[in-house]
Each structure stands twice: as structure tokens, then as C-alpha cells.
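S.K.: Input file: query_27.cif. Contents: mmCIF, C-alpha atoms.
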data_input
loop_
_atom_site.label_atom_id
_atom_site.label_comp_id
_atom_site.auth_asym_id
_atom_site.auth_seq_id
_atom_site.Cartn_x
_atom_site.Cartn_y
_atom_site.Cartn_z
CA MET A 1 111.13 -123.37 -90.06
CA SER A 2 107.59 -124.51 -90.63
CA PHE A 3 105.03 -122.38 -92.44
CA LEU A 4 103.21 -121.77 -89.14
CA HIS A 5 106.29 -120.07 -87.74
CA SER A 6 107.00 -118.01 -90.84
CA PRO A 7 107.69 -114.35 -89.88
CA ARG A 8 105.64 -113.16 -92.88
CA LEU A 9 102.62 -115.17 -91.77
CA HIS A 10 102.96 -113.77 -88.26
CA LEU A 11 103.20 -110.22 -89.62
CA VAL A 12 99.98 -110.70 -91.60
CA LEU A 13 98.22 -112.21 -88.57
CA ARG A 14 99.40 -109.38 -86.32
CA LEU A 15 98.19 -106.73 -88.76
CA LEU A 16 94.83 -108.46 -89.27
CA VAL A 17 94.01 -109.19 -85.63
CA GLY A 18 95.62 -106.02 -84.26
CA GLY A 19 93.84 -103.95 -86.90
CA PHE A 20 90.53 -105.61 -86.07
CA PHE A 21 90.92 -104.86 -82.37
CA VAL A 22 91.92 -101.22 -82.95
CA PHE A 23 88.97 -100.76 -85.30
CA ALA A 24 86.66 -102.51 -82.83
CA SER A 25 87.65 -100.16 -80.02
CA LEU A 26 86.99 -96.83 -81.75
CA ASP A 27 83.18 -96.73 -81.74
CA LYS A 28 83.11 -97.91 -78.12
CA ILE A 29 85.63 -95.28 -76.99
CA ALA A 30 83.65 -92.56 -78.76
CA SER A 31 80.51 -93.37 -76.76
CA PRO A 32 80.97 -95.19 -73.43
CA PRO A 33 77.25 -95.02 -72.45
CA ALA A 34 76.19 -96.53 -75.78
CA PHE A 35 78.64 -99.40 -75.31
CA ALA A 36 77.41 -99.92 -71.72
CA ARG A 37 73.88 -100.41 -73.10
CA VAL A 38 75.25 -103.14 -75.39
CA VAL A 39 77.14 -104.81 -72.52
CA TYR A 40 73.89 -104.84 -70.51
CA GLN A 41 72.24 -106.90 -73.25
CA TRP A 42 74.72 -109.70 -72.62
CA GLN A 43 73.51 -109.91 -68.99
CA VAL A 44 76.74 -111.59 -67.90
CA THR A 45 77.62 -109.19 -65.08
CA GLY A 46 75.53 -106.75 -63.03
CA PRO A 47 75.09 -103.08 -63.98
CA VAL A 48 78.06 -101.61 -62.08
CA LEU A 49 80.55 -104.23 -63.30
CA SER A 50 79.07 -103.91 -66.81
CA ASN A 51 79.74 -100.16 -66.60
CA VAL A 52 83.36 -100.75 -65.61
CA VAL A 53 83.78 -103.28 -68.44
CA ALA A 54 82.23 -100.81 -70.89
CA VAL A 55 84.71 -98.03 -70.09
CA THR A 56 87.90 -100.12 -69.68
CA LEU A 57 87.59 -102.90 -72.26
CA PRO A 58 87.83 -100.70 -75.41
CA TRP A 59 91.06 -99.12 -74.18
CA VAL A 60 92.62 -102.51 -73.47
CA GLU A 61 91.59 -103.51 -77.00
CA LEU A 62 93.10 -100.33 -78.44
CA LEU A 63 96.38 -100.65 -76.54
CA ALA A 64 96.85 -104.37 -77.14
CA GLY A 65 95.86 -104.04 -80.81
CA THR A 66 98.27 -101.14 -81.38
CA LEU A 67 101.16 -102.97 -79.72
CA LEU A 68 100.40 -106.09 -81.77
CA ILE A 69 100.45 -104.09 -85.02
CA LEU A 70 103.70 -102.36 -84.08
CA GLY A 71 105.30 -105.61 -82.95
CA VAL A 72 106.12 -104.11 -79.54
CA TRP A 73 105.67 -106.59 -76.69
CA LYS A 74 104.01 -108.77 -79.30
CA ARG A 75 103.85 -111.96 -77.22
CA GLU A 76 102.29 -110.14 -74.30
CA SER A 77 99.87 -108.12 -76.44
CA ALA A 78 98.91 -111.32 -78.30
CA LEU A 79 98.23 -113.00 -74.96
CA VAL A 80 96.11 -110.07 -73.75
CA ILE A 81 94.03 -110.36 -76.92
CA ALA A 82 93.85 -114.14 -76.38
CA LEU A 83 92.52 -113.51 -72.87
CA LEU A 84 89.89 -111.10 -74.23
CA LEU A 85 88.84 -113.62 -76.88
CA VAL A 86 88.50 -116.39 -74.29
CA VAL A 87 86.32 -114.08 -72.16
CA PHE A 88 84.23 -113.14 -75.24
CA LEU A 89 83.80 -116.81 -76.17
CA GLY A 90 82.77 -117.68 -72.61
CA ALA A 91 80.25 -114.83 -72.59
CA ALA A 92 78.91 -115.89 -76.00
CA GLY A 93 78.51 -119.47 -74.73
CA SER A 94 76.64 -118.17 -71.70
CA VAL A 95 74.35 -116.01 -73.86
CA LEU A 96 73.62 -118.88 -76.26
CA ALA A 97 73.02 -121.34 -73.40
CA ARG A 98 70.53 -118.96 -71.76
CA GLY A 99 68.76 -118.24 -75.05
CA ILE A 100 69.27 -114.47 -74.80
CA ASP A 101 68.74 -112.71 -78.12
CA VAL A 102 71.61 -110.22 -78.49
CA GLN A 103 70.96 -108.51 -81.83
CA ASN A 104 74.13 -106.44 -81.77
CA CYS A 105 77.08 -107.98 -79.96
CA GLY A 106 78.80 -104.57 -79.84
CA CYS A 107 81.92 -106.24 -81.23
CA THR A 108 82.78 -103.48 -83.69
CA SER A 109 79.81 -101.14 -84.08
CA LEU A 110 77.25 -99.83 -81.63
CA ALA A 111 74.60 -99.06 -84.26
CA THR A 112 71.31 -100.75 -83.39
CA THR A 113 68.55 -101.78 -85.74
CA GLU A 114 66.73 -98.59 -84.67
CA THR A 115 69.66 -96.28 -85.37
CA SER A 116 71.05 -97.96 -88.50
CA THR A 117 69.22 -98.13 -91.80
CA SER A 118 72.14 -99.76 -93.61
CA ALA A 119 71.72 -103.34 -94.81
CA TRP A 120 75.49 -103.83 -94.52
CA PRO A 121 76.95 -105.53 -92.61
CA PRO A 122 74.18 -108.14 -92.51
CA ALA A 123 72.45 -108.88 -89.20
CA TRP A 124 73.95 -112.38 -88.86
CA THR A 125 77.41 -110.82 -88.52
CA LYS A 126 76.28 -108.57 -85.64
CA GLY A 127 74.43 -110.96 -83.33
CA VAL A 128 75.80 -113.56 -80.96
CA GLY A 129 75.90 -116.78 -82.97
CA TRP A 130 78.05 -119.12 -85.02
CA PHE A 131 79.69 -116.28 -86.99
CA LEU A 132 80.98 -114.56 -83.86
CA VAL A 133 82.15 -117.84 -82.29
CA THR A 134 83.96 -118.95 -85.47
CA ARG A 135 85.60 -115.56 -86.00
CA ASN A 136 86.80 -115.41 -82.40
CA LEU A 137 88.14 -118.98 -82.52
CA LEU A 138 90.12 -118.13 -85.69
CA MET A 139 91.53 -114.99 -84.09
CA LEU A 140 92.35 -116.93 -80.92
CA GLY A 141 94.31 -119.46 -82.98
CA ALA A 142 96.13 -116.61 -84.74
CA VAL A 143 97.20 -114.78 -81.56
CA LEU A 144 98.25 -118.00 -79.82
CA LEU A 145 100.42 -118.76 -82.85
CA VAL A 146 102.01 -115.30 -82.63
CA ALA A 147 102.53 -115.68 -78.87
CA SER A 148 104.19 -119.06 -79.31
CA ALA A 149 106.68 -117.89 -81.96
CA PRO A 150 110.27 -118.96 -81.22
CA ALA A 151 112.40 -116.21 -79.72
CA ARG A 152 114.51 -114.16 -82.14
CA ARG A 153 118.26 -114.75 -82.06
CA GLU A 154 118.93 -111.67 -79.91
CA GLU A 155 116.21 -112.73 -77.46
CA ARG A 156 117.61 -116.20 -76.94
CA PRO A 157 119.99 -116.83 -74.05
CA ALA A 158 123.56 -117.11 -75.24
CA PRO A 159 124.75 -120.68 -75.81
CA LEU A 160 126.66 -122.20 -72.91
CA ALA A 161 129.91 -122.18 -74.86
CA GLU A 162 129.62 -118.40 -75.49
CA ARG A 163 128.76 -117.73 -71.87
CA ALA A 164 131.72 -119.77 -70.70
CA THR A 165 134.10 -117.68 -72.83
CA ALA A 166 132.51 -114.32 -71.99
CA MET B 167 106.03 -119.65 -74.88
CA ARG B 168 108.23 -117.11 -73.10
CA ALA B 169 106.11 -114.15 -72.12
CA ASP B 170 106.88 -111.43 -69.64
CA TRP B 171 103.84 -111.49 -67.33
CA LYS B 172 104.66 -108.06 -65.91
CA ARG B 173 104.22 -106.61 -69.39
CA PHE B 174 101.02 -108.59 -69.81
CA LEU B 175 99.59 -107.13 -66.60
CA LEU B 176 100.88 -103.67 -67.49
CA ILE B 177 98.92 -103.68 -70.78
CA LEU B 178 95.75 -104.60 -68.90
CA ALA B 179 96.37 -102.02 -66.15
CA LEU B 180 97.28 -99.18 -68.53
CA GLY B 181 94.30 -99.91 -70.76
CA ALA B 182 91.93 -99.95 -67.78
CA ALA B 183 93.43 -96.76 -66.33
CA ALA B 184 93.13 -94.98 -69.69
CA GLY B 185 89.49 -96.05 -69.94
CA LEU B 186 88.63 -94.81 -66.45
CA ALA B 187 90.45 -91.51 -67.09
CA TRP B 188 88.67 -91.06 -70.44
CA ASN B 189 85.31 -91.74 -68.80
CA ALA B 190 86.04 -89.21 -66.04
CA TRP B 191 87.50 -86.36 -68.07
CA SER B 192 86.56 -86.61 -71.74
CA GLY B 193 83.03 -85.28 -71.29
CA ARG B 194 81.70 -88.41 -73.00
CA GLY B 195 81.56 -90.58 -69.88
CA PHE B 196 78.80 -91.56 -67.48
CA THR B 197 78.30 -92.42 -63.79
CA LEU B 198 79.62 -95.93 -63.14
CA SER B 199 77.83 -96.54 -59.84
CA ARG B 200 74.29 -96.75 -61.25
CA SER B 201 72.47 -98.07 -64.30
CA VAL B 202 73.35 -96.27 -67.53
CA PHE B 203 69.60 -96.02 -68.16
CA ALA B 204 69.06 -93.82 -65.06
CA GLN B 205 68.57 -90.13 -65.74
CA ALA B 206 68.05 -87.08 -63.58
CA GLY B 207 64.60 -87.22 -62.03
CA ASP B 208 64.29 -91.02 -62.11
CA GLU B 209 63.22 -92.50 -58.77
CA VAL B 210 64.63 -96.01 -58.40
CA VAL B 211 63.46 -98.35 -55.61
CA LYS B 212 65.03 -101.59 -54.38
CA PRO B 213 62.89 -104.76 -54.08
CA ASP B 214 62.45 -104.36 -50.30
CA GLN B 215 61.16 -100.80 -50.78
CA ALA B 216 58.94 -102.00 -53.62
CA ARG B 217 57.56 -104.76 -51.35
CA VAL B 218 56.51 -102.14 -48.79
CA LEU B 219 54.83 -100.09 -51.51
CA HIS B 220 53.12 -103.25 -52.79
CA GLU B 221 51.79 -104.03 -49.31
CA ARG B 222 50.48 -100.46 -49.03
CA GLY B 223 48.50 -100.86 -52.24
CA ALA B 224 50.76 -99.20 -54.81
CA LEU B 225 49.87 -99.83 -58.45
CA PHE B 226 52.49 -101.94 -60.23
CA LEU B 227 52.94 -101.59 -63.99
CA ASP B 228 54.66 -104.16 -66.21
CA ALA B 229 56.60 -102.38 -68.99
CA ARG B 230 57.62 -105.60 -70.78
CA PRO B 231 55.95 -106.64 -74.04
CA ARG B 232 52.40 -107.76 -73.25
CA ASP B 233 53.09 -111.45 -73.96
CA PHE B 234 55.51 -111.51 -71.04
CA TRP B 235 52.90 -109.93 -68.76
CA ARG B 236 50.47 -112.64 -69.89
CA MET B 237 52.91 -115.33 -68.73
CA ASN B 238 53.83 -113.92 -65.31
CA ARG B 239 53.76 -110.68 -63.36
CA ILE B 240 54.07 -109.14 -59.92
CA PRO B 241 50.69 -109.84 -58.25
CA GLY B 242 48.15 -107.22 -59.27
CA ALA B 243 50.40 -105.60 -61.88
CA LEU B 244 48.77 -104.15 -64.98
CA ALA B 245 50.32 -104.26 -68.45
CA LEU B 246 51.78 -100.98 -69.70
CA PRO B 247 54.18 -102.22 -72.38
CA GLU B 248 56.70 -99.68 -73.58
CA ASP B 249 56.39 -100.97 -77.16
CA ASP B 250 52.62 -100.29 -77.19
CA PHE B 251 52.52 -97.41 -74.73
CA GLU B 252 49.85 -95.09 -76.16
CA LYS B 253 47.17 -97.76 -76.50
CA ALA B 254 47.93 -99.39 -73.15
CA TYR B 255 48.11 -96.00 -71.40
CA ALA B 256 44.52 -95.23 -72.34
CA GLU B 257 43.44 -98.57 -70.83
CA VAL B 258 45.13 -98.12 -67.46
CA GLU B 259 45.02 -94.33 -67.00
CA PRO B 260 41.95 -94.37 -64.69
CA GLN B 261 43.65 -96.81 -62.29
CA MET B 262 46.87 -94.76 -62.40
CA ARG B 263 45.05 -91.52 -61.60
CA ARG B 264 43.48 -93.20 -58.54
CA ALA B 265 46.71 -94.87 -57.35
CA LYS B 266 48.51 -93.65 -54.22
CA ALA B 267 51.86 -94.71 -55.67
CA ILE B 268 53.05 -96.29 -58.92
CA VAL B 269 55.97 -98.67 -59.49
CA VAL B 270 57.10 -99.65 -63.00
CA TYR B 271 59.26 -102.69 -63.72
CA CYS B 272 60.60 -104.67 -66.66
CA SER B 273 62.82 -107.69 -67.24
CA GLY B 274 66.06 -106.78 -65.46
CA PHE B 275 68.96 -104.39 -65.45
CA GLY B 276 69.49 -104.83 -69.20
CA CYS B 277 65.98 -103.57 -69.88
CA GLU B 278 65.31 -99.85 -70.37
CA ALA B 279 61.54 -100.08 -70.82
CA SER B 280 60.68 -99.27 -67.17
CA HIS B 281 62.81 -96.10 -67.30
CA ILE B 282 61.18 -94.99 -70.57
CA VAL B 283 57.66 -95.68 -69.30
CA ALA B 284 58.30 -93.87 -65.99
CA ARG B 285 59.53 -90.81 -67.91
CA LYS B 286 56.49 -90.85 -70.21
CA LEU B 287 54.25 -91.01 -67.14
CA ARG B 288 56.12 -88.10 -65.57
CA GLU B 289 55.48 -86.05 -68.72
CA ARG B 290 51.77 -86.73 -68.14
CA GLY B 291 51.91 -85.61 -64.52
CA LEU B 292 52.16 -89.08 -62.96
CA ASP B 293 55.04 -89.88 -60.59
CA ALA B 294 56.23 -93.45 -60.95
CA ALA B 295 59.13 -95.22 -59.24
CA ILE B 296 61.28 -97.73 -61.14
CA LEU B 297 61.97 -101.17 -59.63
CA ASP B 298 65.76 -101.54 -59.69
CA GLU B 299 66.80 -104.53 -61.83
CA GLY B 300 63.16 -105.38 -62.46
CA LEU B 301 61.27 -108.65 -62.08
CA PRO B 302 64.39 -110.87 -61.64
CA ALA B 303 65.44 -108.80 -58.58
CA TRP B 304 61.89 -109.10 -57.18
CA GLN B 305 62.04 -112.87 -57.63
CA GLU B 306 65.55 -113.13 -56.17
CA ALA B 307 64.29 -111.30 -53.08
CA GLY B 308 61.85 -114.19 -52.61
CA LEU B 309 58.79 -112.07 -53.38
CA PRO B 310 55.69 -113.60 -54.97
CA VAL B 311 55.00 -113.76 -58.71
CA ASP B 312 51.61 -114.44 -60.26
CA GLU B 313 52.13 -117.12 -62.92
CA GLU B 314 48.50 -117.66 -63.88
CA ALA B 315 48.22 -117.23 -67.66
CA ARG B 316 46.25 -114.16 -68.80
CA ARG B 317 44.67 -113.34 -72.11
#
Translate this file's structure into C-alpha cells.

M.R.:
Amino acid sequence: MSFLHSPRLHLVLRLLVGGFFVFASLDKIASPPAFARVVYQWQVTGPVLSNVVAVTLPWVELLAGTLLILGVWKRESALVIALLLVVFLGAAGSVLARGIDVQNCGCTSLATTETSTSAWPPAWTKGVGWFLVTRNLLMLGAVLLVASAPARREERPAPLAERATA
Amino acid sequence: MRADWKRFLLILALGAAAGLAWNAWSGRGFTLSRSVFAQAGDEVVKPDQARVLHERGALFLDARPRDFWRMNRIPGALALPEDDFEKAYAEVEPQMRRAKAIVVYCSGFGCEASHIVARKLRERGLDAAILDEGLPAWQEAGLPVDEEARR
């Protein structure tokens, strides 16, 4: 078994990415209108679709992240997170291509420069730029690795010889 | 990769359903069918309604930062930037007091400035409508934009 398919590595990746997504969902769930304002800044979809994204996305993040941490439906939850990351990367590419200045991506916190006086985390971690793209690409690699893990023994179909004798 | 796609779809559907339910019943939600910036008392007009008002001589106010107004604007619009409201208000108040109708706009649905300016005007006894989705919606409706640079 290669290092990339090590169960311990997959456990660490599941806890890290799942934990990140659960953490990322909490602020958004606590204040749907505040998250909608952040989604508007991305200007990827119109106001009504942005509203729907703002109220549904955090709960998909919470559910998929929790399942990934618990190891329940881990392939499927990893693939849901992969889908979200692909959408986020596409939206980030669109924002960067159009030159829109999104100061807070709304990835984990909804605090704006007006409402937050804290210098931490630094601004370059909050905007849409190379940090966000790199982080999402790393997480995408991690969840695709988890989703592609070989099936456990009990999940594999029984060998032909066993089936023939059953 | 052997994934059960029914489970995959179920996670998406359950998450979305939970979000919609939370928005409807938690007391923290908002109305999904209109801009999150809209508040009670805001009068929002579509570009075709704004065009009629424009033709009837309504005063248009540009709530974007003044540099944007300098670059382009709805014909005849005056600058009333939200980020420099008090100073700009004093400059345009006489025209506003004389106007039959006022329409405020900014740079699109992601921009709250027109809503904020309209509310500030209402506090001062001036009724102002808000152009829904701002200047981009006006342009998409094929309506004219003045692109002559201003100082």
C-alpha cells in the first residue's frame, strides 16, 4: 500500500478538510443575510440565486464536513466537498478575470474591514487571490485522494471462488 | 472510484433543505425573492420604469464613488456618492428640492450604496426610488450612458 493510500493519512486529511468545512459553515449559518452580502460581492449569479446559495451552501458544507470527519459516506461526502471546491475555484477564476476586488471571500468569516478591528488573520488570507486558490487546490487534492481510496475488505465484492461456493 | 451517487445527491439535497428550513424558521433568515439590501420603505424601480421617469425629467443621482461618476453616468445624473454623502448632499440639495422625482443608482446588485443614499434622503424628507441592479441593468436594457469625462 502506497503512502498516498495510507489509512492514517486519509484520517488526517478527513479531519483537516472536514474540520475546515464545518468551521467555515458556522459563521454563515449564524447570519444568512450577512453571508448573502458577501456572495453578492462575487457577482457570479444574480441576487435571487445568490440568496439561495447563501442560505443552502453553508448547510451543505456543514453536513458534508461532518460526514467526512465521522467517516460516514466518506467517498460521497469527499466528492460533495470536491464539487464545492471546483465551484469555488471557478468563481474565484471568474472574479480574478473580471478584476473584481473581493476583500472578504466569506470563506470562513463574515467580518468586514469595517466590522473587524483585528489584524489577524491578515487581509491576504481573506480576499480572492493566490492564497485562496492554492488552499482550495490543496483541499481538492486531499478530498479526491480520500474519494479514490480502495474499498475496504468488507466493501469489496466477494472473490469469484467464494461466490461459487456460497 | 466507487461512489454511490444517490448518497452524493442526498447530501446535497438534505443540506439545501436544511438551509431553506433554517432560513424560514430560525428567525435569522431573510426574504429570498429580493435583494438582501432592500428594507421596508425602499421603493425599487426596474430599468423600464426608470426610463419613463428619466423621460419625464426625474433627477438621477449616482451613489458610486465620485471617480466612477466622472467616467460615466446616466445622462444628466448628478454625483451623490455614499462615501462622501454629507459634502455632496449640500451641493445637490437645491436640485433635489426642485425635482419632481428622484432615482438613485449605483454599480449593480452587489452594491448597497443606492439603498443607503435613498434612506438618508428619506430621513431628510426626500423620496427617492432605487434603480434595481443599478447602472449595469440600465445598460443591459439598451439605455443611453453619458461617457464624457467630467472633472

S.K.: Which residues of chain B have any atom within 7 Å of an atom in chain A when counting only C-alpha atoms, and what is the closest pair of atoms for each, with the distance in Å to one decimal? Order the rows by chain and rising number and write it as a Markdown table.

M.R.:
| residue | atom | partner | partner_atom | distance |
| --- | --- | --- | --- | --- |
| B:Met167 | CA | A:Ser148 | CA | 4.8 |
| B:Ala169 | CA | A:Glu76 | CA | 6.0 |
| B:Asp170 | CA | A:Glu76 | CA | 6.7 |
| B:Arg173 | CA | A:Glu76 | CA | 6.3 |
| B:Phe174 | CA | A:Glu76 | CA | 4.9 |
| B:Ile177 | CA | A:Ala64 | CA | 6.7 |
| B:Leu178 | CA | A:Val60 | CA | 5.9 |
| B:Gly181 | CA | A:Val60 | CA | 4.1 |
| B:Ala182 | CA | A:Thr56 | CA | 4.5 |
| B:Ala184 | CA | A:Trp59 | CA | 6.4 |
| B:Gly185 | CA | A:Thr56 | CA | 4.4 |
| B:Leu186 | CA | A:Val55 | CA | 6.2 |
| B:Asn189 | CA | A:Val55 | CA | 6.4 |
| B:Arg194 | CA | A:Ser31 | CA | 6.3 |
| B:Gly195 | CA | A:Pro32 | CA | 5.8 |
| B:Phe196 | CA | A:Pro33 | CA | 6.3 |
| B:Leu198 | CA | A:Asn51 | CA | 5.5 |
| B:Ser199 | CA | A:Val48 | CA | 5.5 |
| B:Arg200 | CA | A:Val48 | CA | 6.2 |
| B:Ser201 | CA | A:Pro47 | CA | 5.7 |
| B:Val202 | CA | A:Pro33 | CA | 6.4 |
| B:Phe275 | CA | A:Pro47 | CA | 6.4 |
| B:Gly276 | CA | A:Tyr40 | CA | 4.6 |

S.K.: As a check of understanding, name the residues that the PyMOL selection byres ((chain A and resi 100) around 12) selects in the supplied structure, as an NGL selection string.

M.R.: (:A and (40-44 or 91-99 or 101-105 or 127-129)) or (:B and (276))

S.K.: In Å, how far is it from CA of Ala284 in chain B to CA of Gln205 in chain B?

M.R.: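 Separating CA of Ala284 in chain B from CA of Gln205 in chain B is a distance of 10.9 Å.
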
S.K.: Nearest to Gly242 in chain B among B:Leu180, B:Cys277, B:Val311, B:Ala206, with distances taken over only C-alpha atoms: which residue is it?

M.R.: B:Val311

S.K.: Considering all atoms listed in the file, return as a list in words whatever protein or nucleic-acid residues lie within 12 Å of Gly291 in chain B, sequence-local ones (same chain, fewer than 6 positions apart) excluded.

M.R.: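 So, after excluding close chain neighbours, the residues are Glu259, Met262, Arg263, Ala284 and Arg285 of chain B.
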
S.K.: Smallest atom-to-atom distance to Glu289 in chain B: which of B:Arg222, B:Lys172, B:Phe234, B:Gly207, using all atoms listed in the file?

M.R.: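 Among the listed residues, B:Gly207 lies closest to Glu289 in chain B.
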
S.K.: Do you have the CA of Pro310 in chain B-CA of Asp208 in chain B distance handy?

M.R.: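 Separation between CA of Pro310 in chain B and CA of Asp208 in chain B: 25.2 Å.
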
S.K.: Smallest atom-to-atom distance to Glu306 in chain B: which of B:Arg236, B:Leu246, B:Gly274, B:Glu221, using all atoms listed in the file?

M.R.: B:Gly274

S.K.: Calculate, to one decimal in Å, the centre and edge lengths of the box along x, y and z of the file that holds all listed atoms of range 182-200 of chain B with 4 Å of margin on each side, and present them as AutoDock Vina command-line options.

M.R.:
--center_x 83.9 --center_y -92.6 --center_z -66.4 --size_x 27.1 --size_y 22.7 --size_z 21.2

S.K.: Evaluate the PyMOL selection byres ((chain A and resi 5-20) around 7) here and jot the selected residues down as a compact mmCIF listing (two decimals) with C-alpha atoms, in the frame of the given file.

M.R.:
# COMPACT_ATOMS: atom_id res chain seq x y z
CA MET A 1 111.13 -123.37 -90.06
CA SER A 2 107.59 -124.51 -90.63
CA PHE A 3 105.03 -122.38 -92.44
CA LEU A 4 103.21 -121.77 -89.14
CA PHE A 21 90.92 -104.86 -82.37
CA VAL A 22 91.92 -101.22 -82.95
CA PHE A 23 88.97 -100.76 -85.30
CA ALA A 24 86.66 -102.51 -82.83
CA GLY A 65 95.86 -104.04 -80.81
CA THR A 66 98.27 -101.14 -81.38
CA LEU A 68 100.40 -106.09 -81.77
CA ILE A 69 100.45 -104.09 -85.02
CA MET A 139 91.53 -114.99 -84.09
CA ALA A 142 96.13 -116.61 -84.74
CA VAL A 146 102.01 -115.30 -82.63
CA ALA A 149 106.68 -117.89 -81.96

S.K.: Taking the file as I've supplied it (selection: the PyMOL selection byres ((chain B and resi 213) around 9)), which residues are included? Please answer as a PDB file with C-alpha atoms, in the coordinates of the input.

M.R.:
ATOM      1  CA  VAL B 211      63.460 -98.350 -55.610  1.00  0.00           C
ATOM      2  CA  LYS B 212      65.030-101.590 -54.380  1.00  0.00           C
ATOM      3  CA  ASP B 214      62.450-104.360 -50.300  1.00  0.00           C
ATOM      4  CA  GLN B 215      61.160-100.800 -50.780  1.00  0.00           C
ATOM      5  CA  ALA B 216      58.940-102.000 -53.620  1.00  0.00           C
ATOM      6  CA  ARG B 217      57.560-104.760 -51.350  1.00  0.00           C
ATOM      7  CA  VAL B 218      56.510-102.140 -48.790  1.00  0.00           C
ATOM      8  CA  LEU B 297      61.970-101.170 -59.630  1.00  0.00           C
ATOM      9  CA  ASP B 298      65.760-101.540 -59.690  1.00  0.00           C
ATOM     10  CA  GLU B 299      66.800-104.530 -61.830  1.00  0.00           C
ATOM     11  CA  GLY B 300      63.160-105.380 -62.460  1.00  0.00           C
ATOM     12  CA  ALA B 303      65.440-108.800 -58.580  1.00  0.00           C
ATOM     13  CA  TRP B 304      61.890-109.100 -57.180  1.00  0.00           C
ATOM     14  CA  GLN B 305      62.040-112.870 -57.630  1.00  0.00           C
ATOM     15  CA  ALA B 307      64.290-111.300 -53.080  1.00  0.00           C
ATOM     16  CA  LEU B 309      58.790-112.070 -53.380  1.00  0.00           C
TER      17      LEU B 309
END
